[in-house]
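Working notes for the structure below.
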Protein chains: 2
Amino acid sequence: MRVFITGIDGYLGWTLAQYLTARGHDVAGADTMMRREWVAEMNSQSAIPIYSREERIAAFKERYGKNLDFRVGDFTDYDFVTSFFEEFKPEAIVHLGQMPSAPYSMIDQKHTVFTQYNNVIGNLNILYAMKEIVPDAHLLKLGTMGEYGTPNVDIPEGFFEIEYRGRKDYLPFPRQAASFYHWSKVHDSNNTMYACKIWGLRATDVMQGVVFGTRIDEMGENPDPRLRTRLDFDQCFGTAINRFCCQAVIGHPLTLFGAGHQKRGFLPLRDSMQCLTIALENPPKEGEYRVFNQFEETYTIVELADMVQEVAGELGLDVDIYEYENPRHEAAEHYYNPDRKHLIDLGYKPTHDVKAEMKIMIQDLMQHRDRIMEKKDILVPDIRWDGKHHRSTVIGKRSERNVKA
Amino acid sequence: MRVFITGIDGYLGWTLAQYLTARGHDVAGADTMMRREWVAEMNSQSAIPIYSREERIAAFKERYGKNLDFRVGDFTDYDFVTSFFEEFKPEAIVHLGQMPSAPYSMIDQKHTVFTQYNNVIGNLNILYAMKEIVPDAHLLKLGTMGEYGTPNVDIPEGFFEIEYRGRKDYLPFPRQAASFYHWSKVHDSNNTMYACKIWGLRATDVMQGVVFGTRIDEMGENPDPRLRTRLDFDQCFGTAINRFCCQAVIGHPLTLFGAGHQKRGFLPLRDSMQCLTIALENPPKEGEYRVFNQFEETYTIVELADMVQEVAGELGLDVDIYEYENPRHEAAEHYYNPDRKHLIDLGYKPTHDVKAEMKIMIQDLMQHRDRIMEKKDILVPDIRWDGKHHRSTVIGKRSERNVKA
């Protein structure tokens with residue numbers, strides 16, 4: 001299958017290009033290369049060194065025997081999208097090329113506007129280019145579990161049957177996103193659902209949990225460093241488990257926001273690849289817009305911190321867990337019970353062994369301790385949802401009482 | 001009250017500036033003046049002649065004795081918004097300054113992108129400028145009943161209590177907008193709801209029905225022509241009743257889309273002014289985001305066409321009603337039962353006499369018969385939701401059978 005990947009230079013995109021190629025698919029893609037700039041703007045860097053586009057393409061050729069058509073370009077530039085589509089004629093488009101950080105979107109007016117502009121217009125351009133050039137292609141669009149927020153009822157996969165005042169309908173499940181980034185993804189979901197309805201496009205909208213992990217088997221046992229994907233640990237682009245593992249490696253306390261009772265869906269990088277590929281290999285029908293909730297399991301943040309602490313301990317790394325003022329606006333305690341049946345029905349086999357994955361990660365990251373150490377001053381967040389800017393202070397240490405509870 | 005009006009040159013904006021000033025409020029506002037260009041792009045013009053900004057300001061001074069601070073500027077330009085807010089320090093902002101046409105947003109990629117860019121970024125800038133400069137001000141934001149679509153259940157005002165799998169929550173009512181324009185308004189509603197939640201802003205989000213009418217009493221019995229507001233009849237900016245009245249005046253068949261059984265909420269221009277003012281004079285609490293469904297009554301399009309035909313007949317105008325291929329993607333028959341309790345509770349007295357309003361409109365428009373005649377070739381739509389472009393053909397004449405049914 002000819003698969004076009006937007007955001008092919010990213011954490012997921014660079015990994016997916018390899019995963020799909022190893023499975024025999026023809027991959028091409030593009031990237032603005034802006035993620036590298038955003039992380040630099042955070043005064044940070046990827047813990048795992050990443051190489052230039054040219055070096056990545058060369059290593060790709062060596063390992064997979066294929067010339068990867070990986071171009072630099074912006075999806076907000078409609079001519080760029082259409083001319084690449086005209087040439088490559090994708091059968092599927094995996095749309096990962098967006099600004100993916102909640103805190104980045106909350107910095108100030110400029111960052112909010114950039115986030116929504118970049119994500120909404122890029123996605124609209126892809127929808128229009130599909131309609132014009134490849135109307136039968138499958139759009140596999142990356143959304144986020146964060147689009148739903150934390151309602152006090154179960155979270156279905158995109159739609160639900162409701163009864164209201166004695167009448168019934170099957171409606172989109174209400175979204176309650178928790179940052180302007182998350183709202184940009186809701187806007188994209190809405191626009192995509194609508195394009196399928198009026199133009200007969202087909203799309204899978206993946207509400208993905210938080211991804212963690214440093215590798216997939218396809219990269220090889222001792223991967224060529226040029227094939228490795230990025231791993232961020234700053235407050236904007238470093239997500240929960242990835243950030244905790246980096247903190248553990250340099251002995252920095254793991255940074256809970258509040259008591260860490262927020263519950264979210266998580267999945268290892270290898271499961272994300274597995275799920276995206278299942279969706280690609282089982283495309284929706286013409287005009288179908290389907291939503292997959294994509295995660296291995298739900299965990300509270302503190303459960304994950306405890307696991308990272310335990311695994312790090314086994315590797316001889318002693319690390320504390322601290323509770324910080326929560327810079328975000330989110331519920332400290334809440335109900336959380338999302339479905340994730342669609343992917344299981346299509347054959348998704350969740351990895352389940354989170355600690356084994358954490359062990360691989362920490363071992364990988366220990367080789368780059370100096371790179372994390374160099375940026376240790378940025379491990380505590382100072383971007384706040386209330387619009388003020390100050391670094392969160394420690395409000396407590398995770399207590400033994402909590403550990404036992 | 002110091003009220004800032006965005007889109008002050010528009011159909012509602014220019015009227016509201018006068019209505020509020022007549023009630024003793026201090027009004028200022030801005031407009032990109034783009035509506036004039038968009039209508040020209042449709043090869044059309046306002047049926048009622050409109051005057052330059054300078055002429056409007058001069059007439060305003062003559063009638064209301066006040067210098068109106070009406071500037072040209074773009075709300076996607078954040079510096080423009082903040083510097084005007086700094087100077088005027090609004091206590092309320094009525095946000096009408098958006099691209100308001102569904103068909104215009106469906107023309108092609110460029111028009112879709114423009115619509116969502118213009119509407120979403122302008123609204124985000126207003127939210128940020130409020131947070132930074134006037135955090136206690138009240139945002140009265142114009143949404144549209146079209147955000148809800150036509151679900152098979154009652155439509156509450158923004159939120160609803162649901163029970164799902166045995167648990168309860170109070171959630172945003174699902175939106176199913178029916179054009180990229182309508183989706184831009186949903187995106188704005190979502191962003192606005194969120195800004196109230198995290199920053200404590202207060203907002204009223206008005207899901208307004210389709211407005212019709214040529215005047216309000218405040219303009220005077222024989223209004224200075226410079227005080228009159230625009231009245232469009234082209235396929236993009238002319239809404240149902242307004243378009244029908246213009247068609248009746250030149251004897252063009254009234255253009256139903258299909259059989260015209262689509263049901264929508266409608267309200268006269270004077271009721272729109274009444275409702276917006278009620279909302280302004282009864283602001284929400286700090287952090288409150290409330291949604292008002294704003295319409296006088298629901299009607300099917302064919303009921304309205306019948307009324308226009310009848311009223312036109314009384315004025316000696318003989319006009320047919322034709323059914324055209326529907327260029328839109330919308331349900332031909334559907335349930336429709338939206339609430340509109342909030343405004344009634346605050347004192348809204350619906351006009352109810354739709355035919356009397358139509359009579360005033362037709363009489364006003366008869367004086368500008370030549371202006372409509374000049375543009376008669378654009379009365380049948382050619383912008384289609386399926387992305388193709390051709391002029392809708394007549395599929396039938398409204399039959400006696402239907403009239404009696």
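Letters for chains follow the order of the structure tokens (A, B, ...), residue numbers begin at 1 for each chain, and ligand numbers begin at 1 in the order shown.
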
Determine, for each residue of chain A having at least one atom at most 8 Å from an atom of chain B, the closest pair of atoms and their separation in Å to one decimal, counting only C-alpha atoms; order by chain and ascending number, as a Markdown table.
| residue | atom | partner | partner_atom | distance |
| --- | --- | --- | --- | --- |
| A:Gln109 | CA | B:Tyr128 | CA | 6.2 |
| A:Val113 | CA | B:Ile121 | CA | 6.3 |
| A:Gln116 | CA | B:Ile121 | CA | 8.0 |
| A:Tyr117 | CA | B:Tyr117 | CA | 6.8 |
| A:Ile121 | CA | B:Val113 | CA | 6.3 |
| A:Leu124 | CA | B:Val113 | CA | 7.1 |
| A:Asn125 | CA | B:Gln109 | CA | 7.2 |
| A:Tyr128 | CA | B:Gln109 | CA | 6.2 |
| A:Pro151 | CA | B:Asp169 | CA | 7.0 |
| A:Asn152 | CA | B:Asp169 | CA | 5.6 |
| A:Val153 | CA | B:Arg167 | CA | 5.5 |
| A:Asp154 | CA | B:Arg165 | CA | 7.3 |
| A:Ile162 | CA | B:Tyr164 | CA | 7.3 |
| A:Glu163 | CA | B:Val153 | CA | 7.9 |
| A:Tyr164 | CA | B:Val153 | CA | 6.3 |
| A:Arg165 | CA | B:Asp154 | CA | 7.3 |
| A:Arg167 | CA | B:Val153 | CA | 5.5 |
| A:Lys168 | CA | B:Val153 | CA | 6.2 |
| A:Asp169 | CA | B:Asn152 | CA | 5.6 |
| A:Leu171 | CA | B:Pro174 | CA | 6.6 |
| A:Pro172 | CA | B:Pro174 | CA | 5.8 |
| A:Phe173 | CA | B:Pro174 | CA | 6.5 |
| A:Pro174 | CA | B:Pro174 | CA | 5.3 |
| A:Arg175 | CA | B:Pro172 | CA | 7.5 |
| A:Gln176 | CA | B:Pro172 | CA | 7.9 |
| A:Ala178 | CA | B:Tyr194 | CA | 7.8 |
| A:Ser179 | CA | B:Tyr194 | CA | 8.0 |
| A:Phe180 | CA | B:Asn191 | CA | 7.3 |
| A:Trp183 | CA | B:Asn191 | CA | 7.1 |
| A:His187 | CA | B:His187 | CA | 5.8 |
| A:Asn190 | CA | B:Trp183 | CA | 7.4 |
| A:Asn191 | CA | B:Trp183 | CA | 7.1 |
| A:Tyr194 | CA | B:Ala178 | CA | 7.8 |
| A:Ile198 | CA | B:Asp386 | CA | 6.1 |
| A:Trp199 | CA | B:Asp386 | CA | 5.8 |
| A:His329 | CA | B:Ile198 | CA | 6.5 |
| A:Trp385 | CA | B:Ile198 | CA | 6.7 |
| A:Asp386 | CA | B:Trp199 | CA | 5.8 |
| A:Gly387 | CA | B:Trp199 | CA | 7.6 |

Ile395 of chain A environment, 9 Å, only C-alpha atoms, sequence neighbours closer than 5 positions dropped, as a PyMOL selection string: chain A and resi 258+322-325

Take the residues from that selection and write them out as a compact mmCIF listing (two decimals), in the first residue's frame, keeping N, CA and C atoms.
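The new file selection_38.txt reads:
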# COMPACT_ATOMS: atom_id res chain seq x y z
N GLY A 258 0.17 17.76 41.26
CA GLY A 258 -0.72 17.43 42.37
C GLY A 258 -0.38 16.03 42.85
N TYR A 322 7.96 13.55 43.71
CA TYR A 322 7.47 14.78 44.36
C TYR A 322 6.15 15.22 43.74
N GLU A 323 5.34 15.83 44.59
CA GLU A 323 4.10 16.44 44.11
C GLU A 323 4.33 17.94 43.90
N TYR A 324 4.02 18.42 42.72
CA TYR A 324 4.18 19.84 42.38
C TYR A 324 2.80 20.46 42.22
N GLU A 325 2.75 21.76 42.45
CA GLU A 325 1.55 22.54 42.07
C GLU A 325 1.20 22.16 40.65

Could you pull the residues within 10 Å of segment 297-314 of chain A, counting only C-alpha atoms, minus those fewer than 3 positions along the same chain, as a PyMOL selection string? chain A and resi 209-210+240-242+244-245+247-249+251+253-267+294+317-323+333+336-338+340+350-352+354-360+362-363+398+402-403

Can you tell me, as a list in words, what residues are no more than 6 Å from Lys141 of chain B when counting only C-alpha atoms, ignoring any on the same chain fewer than 5 positions away? Val94, His95 and Asp205 of chain B

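Residues with any atom within 12 Å of Asp377 of chain A, counting only C-alpha atoms and excluding same-chain neighbours fewer than 6 positions away, are Met42, Asn43, Ser44, Phe233, Asp234, Gln235, Gln247, Ile250, His252 and Arg391 of chain A.
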
Go ahead and write the residues just picked, C-alpha atoms, as an mmCIF file, in the first residue's frame.
data_model
loop_
_atom_site.group_PDB
_atom_site.id
_atom_site.type_symbol
_atom_site.label_atom_id
_atom_site.label_comp_id
_atom_site.auth_asym_id
_atom_site.auth_seq_id
_atom_site.Cartn_x
_atom_site.Cartn_y
_atom_site.Cartn_z
ATOM 1 C CA MET A 42 11.798 25.175 25.086
ATOM 2 C CA ASN A 43 15.562 25.323 25.632
ATOM 3 C CA SER A 44 15.591 21.528 25.426
ATOM 4 C CA PHE A 233 11.488 15.337 28.255
ATOM 5 C CA ASP A 234 10.749 19.056 28.403
ATOM 6 C CA GLN A 235 7.439 20.316 29.817
ATOM 7 C CA GLN A 247 14.117 12.200 35.246
ATOM 8 C CA ILE A 250 19.563 11.690 36.238
ATOM 9 C CA HIS A 252 15.688 14.149 39.441
ATOM 10 C CA ARG A 391 7.688 27.606 37.941
#

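Residues with any atom within 10 Å of Phe88 of chain A, counting only C-alpha atoms and excluding same-chain neighbours fewer than 3 positions away, are Arg2, Val3, Phe4, Asp26, Val27, Ala28, Gly29, Asp69, Thr82, Ser83, Phe84, Phe85 and Glu91 of chain A.
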
With C-alpha atoms kept, could you save the residues just selected as a compact mmCIF listing (two decimals), in the first residue's frame?
# COMPACT_ATOMS: atom_id res chain seq x y z
CA ARG A 2 1.24 3.52 -0.79
CA VAL A 3 1.18 5.32 2.56
CA PHE A 4 1.85 9.02 2.90
CA ASP A 26 5.57 1.94 0.15
CA VAL A 27 6.07 5.00 2.27
CA ALA A 28 6.59 8.66 1.43
CA GLY A 29 6.13 11.69 3.60
CA ASP A 69 10.80 10.15 -0.42
CA THR A 82 -1.54 18.77 -3.80
CA SER A 83 1.67 18.53 -5.82
CA PHE A 84 3.03 15.78 -3.55
CA PHE A 85 -0.31 13.91 -3.67
CA GLU A 91 -3.74 5.01 -0.97

Just want the 9 Å neighbourhood of Thr32 of chain B, counted on only C-alpha atoms, with same-chain residues fewer than 2 positions away dropped. Output as a ChimeraX atom specification. /B:7,9,30,34-35,71-75,97

Could you pull out the strand (DSSP E) residues of segment 254-343 of chain B from DSSP and send them as a ChimeraX atom specification? /B:254-257,263-268,289-294,297-300,321-324

Mind writing the picked residues with N, CA and C atoms as a PDB file, in the first residue's frame?
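again_37.pdb was written with the following content:
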ATOM      1  N   LEU B 254     -39.947  32.180  -6.188  1.00  0.00           N
ATOM      2  CA  LEU B 254     -39.257  31.954  -4.912  1.00  0.00           C
ATOM      3  C   LEU B 254     -38.521  30.620  -5.024  1.00  0.00           C
ATOM      4  N   THR B 255     -37.257  30.604  -4.582  1.00  0.00           N
ATOM      5  CA  THR B 255     -36.386  29.448  -4.817  1.00  0.00           C
ATOM      6  C   THR B 255     -36.334  28.531  -3.606  1.00  0.00           C
ATOM      7  N   LEU B 256     -37.225  27.541  -3.585  1.00  0.00           N
ATOM      8  CA  LEU B 256     -37.120  26.497  -2.556  1.00  0.00           C
ATOM      9  C   LEU B 256     -35.973  25.565  -2.916  1.00  0.00           C
ATOM     10  N   PHE B 257     -35.292  25.021  -1.912  1.00  0.00           N
ATOM     11  CA  PHE B 257     -34.324  23.943  -2.156  1.00  0.00           C
ATOM     12  C   PHE B 257     -35.068  22.638  -1.875  1.00  0.00           C
ATOM     13  N   LYS B 263     -36.805  22.580   8.337  1.00  0.00           N
ATOM     14  CA  LYS B 263     -37.368  23.434   9.383  1.00  0.00           C
ATOM     15  C   LYS B 263     -36.229  24.164  10.097  1.00  0.00           C
ATOM     16  N   ARG B 264     -36.393  25.453  10.314  1.00  0.00           N
ATOM     17  CA  ARG B 264     -35.351  26.234  10.973  1.00  0.00           C
ATOM     18  C   ARG B 264     -36.008  27.266  11.901  1.00  0.00           C
ATOM     19  N   GLY B 265     -35.198  27.855  12.777  1.00  0.00           N
ATOM     20  CA  GLY B 265     -35.665  28.952  13.610  1.00  0.00           C
ATOM     21  C   GLY B 265     -35.454  30.283  12.895  1.00  0.00           C
ATOM     22  N   PHE B 266     -36.393  31.203  13.031  1.00  0.00           N
ATOM     23  CA  PHE B 266     -36.307  32.521  12.383  1.00  0.00           C
ATOM     24  C   PHE B 266     -36.658  33.608  13.379  1.00  0.00           C
ATOM     25  N   LEU B 267     -36.165  34.800  13.116  1.00  0.00           N
ATOM     26  CA  LEU B 267     -36.600  35.944  13.929  1.00  0.00           C
ATOM     27  C   LEU B 267     -36.400  37.244  13.157  1.00  0.00           C
ATOM     28  N   PRO B 268     -37.294  38.217  13.388  1.00  0.00           N
ATOM     29  CA  PRO B 268     -37.144  39.511  12.730  1.00  0.00           C
ATOM     30  C   PRO B 268     -35.941  40.269  13.300  1.00  0.00           C
ATOM     31  N   TYR B 289     -20.231  30.478  31.166  1.00  0.00           N
ATOM     32  CA  TYR B 289     -20.448  30.400  29.722  1.00  0.00           C
ATOM     33  C   TYR B 289     -21.872  29.887  29.531  1.00  0.00           C
ATOM     34  N   ARG B 290     -22.743  30.723  28.998  1.00  0.00           N
ATOM     35  CA  ARG B 290     -24.138  30.290  28.836  1.00  0.00           C
ATOM     36  C   ARG B 290     -24.514  30.366  27.367  1.00  0.00           C
ATOM     37  N   VAL B 291     -25.443  29.520  26.996  1.00  0.00           N
ATOM     38  CA  VAL B 291     -25.869  29.440  25.601  1.00  0.00           C
ATOM     39  C   VAL B 291     -27.350  29.786  25.520  1.00  0.00           C
ATOM     40  N   PHE B 292     -27.682  30.741  24.655  1.00  0.00           N
ATOM     41  CA  PHE B 292     -29.086  31.113  24.414  1.00  0.00           C
ATOM     42  C   PHE B 292     -29.458  30.692  22.997  1.00  0.00           C
ATOM     43  N   ASN B 293     -30.517  29.919  22.862  1.00  0.00           N
ATOM     44  CA  ASN B 293     -31.097  29.704  21.538  1.00  0.00           C
ATOM     45  C   ASN B 293     -32.004  30.890  21.254  1.00  0.00           C
ATOM     46  N   GLN B 294     -31.747  31.589  20.170  1.00  0.00           N
ATOM     47  CA  GLN B 294     -32.408  32.873  19.910  1.00  0.00           C
ATOM     48  C   GLN B 294     -33.185  32.833  18.601  1.00  0.00           C
ATOM     49  N   GLU B 297     -39.638  31.714  16.280  1.00  0.00           N
ATOM     50  CA  GLU B 297     -40.430  30.499  16.093  1.00  0.00           C
ATOM     51  C   GLU B 297     -39.742  29.653  15.020  1.00  0.00           C
ATOM     52  N   THR B 298     -40.077  28.371  14.964  1.00  0.00           N
ATOM     53  CA  THR B 298     -39.549  27.556  13.871  1.00  0.00           C
ATOM     54  C   THR B 298     -40.592  27.454  12.761  1.00  0.00           C
ATOM     55  N   TYR B 299     -40.103  27.449  11.523  1.00  0.00           N
ATOM     56  CA  TYR B 299     -40.961  27.326  10.344  1.00  0.00           C
ATOM     57  C   TYR B 299     -40.262  26.435   9.333  1.00  0.00           C
ATOM     58  N   THR B 300     -41.044  25.758   8.493  1.00  0.00           N
ATOM     59  CA  THR B 300     -40.414  25.143   7.331  1.00  0.00           C
ATOM     60  C   THR B 300     -40.239  26.242   6.290  1.00  0.00           C
ATOM     61  N   ILE B 321     -43.805  29.826  -6.741  1.00  0.00           N
ATOM     62  CA  ILE B 321     -42.821  29.161  -5.876  1.00  0.00           C
ATOM     63  C   ILE B 321     -42.331  27.923  -6.622  1.00  0.00           C
ATOM     64  N   TYR B 322     -41.025  27.873  -6.863  1.00  0.00           N
ATOM     65  CA  TYR B 322     -40.449  26.729  -7.586  1.00  0.00           C
ATOM     66  C   TYR B 322     -39.565  25.908  -6.650  1.00  0.00           C
ATOM     67  N   GLU B 323     -39.540  24.608  -6.949  1.00  0.00           N
ATOM     68  CA  GLU B 323     -38.623  23.722  -6.223  1.00  0.00           C
ATOM     69  C   GLU B 323     -37.383  23.513  -7.082  1.00  0.00           C
ATOM     70  N   TYR B 324     -36.217  23.779  -6.518  1.00  0.00           N
ATOM     71  CA  TYR B 324     -34.933  23.596  -7.222  1.00  0.00           C
ATOM     72  C   TYR B 324     -34.196  22.410  -6.603  1.00  0.00           C
TER      73      TYR B 324
END

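Distances here use only C-alpha atoms; by that measure, the residue among B:His389, B:Arg56, B:His182, B:Lys285 closest to Thr229 of chain B is B:Arg56.
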
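Atom CA of Val211 of chain A is positioned 24.8 Å from atom CA of Leu68 of chain A.
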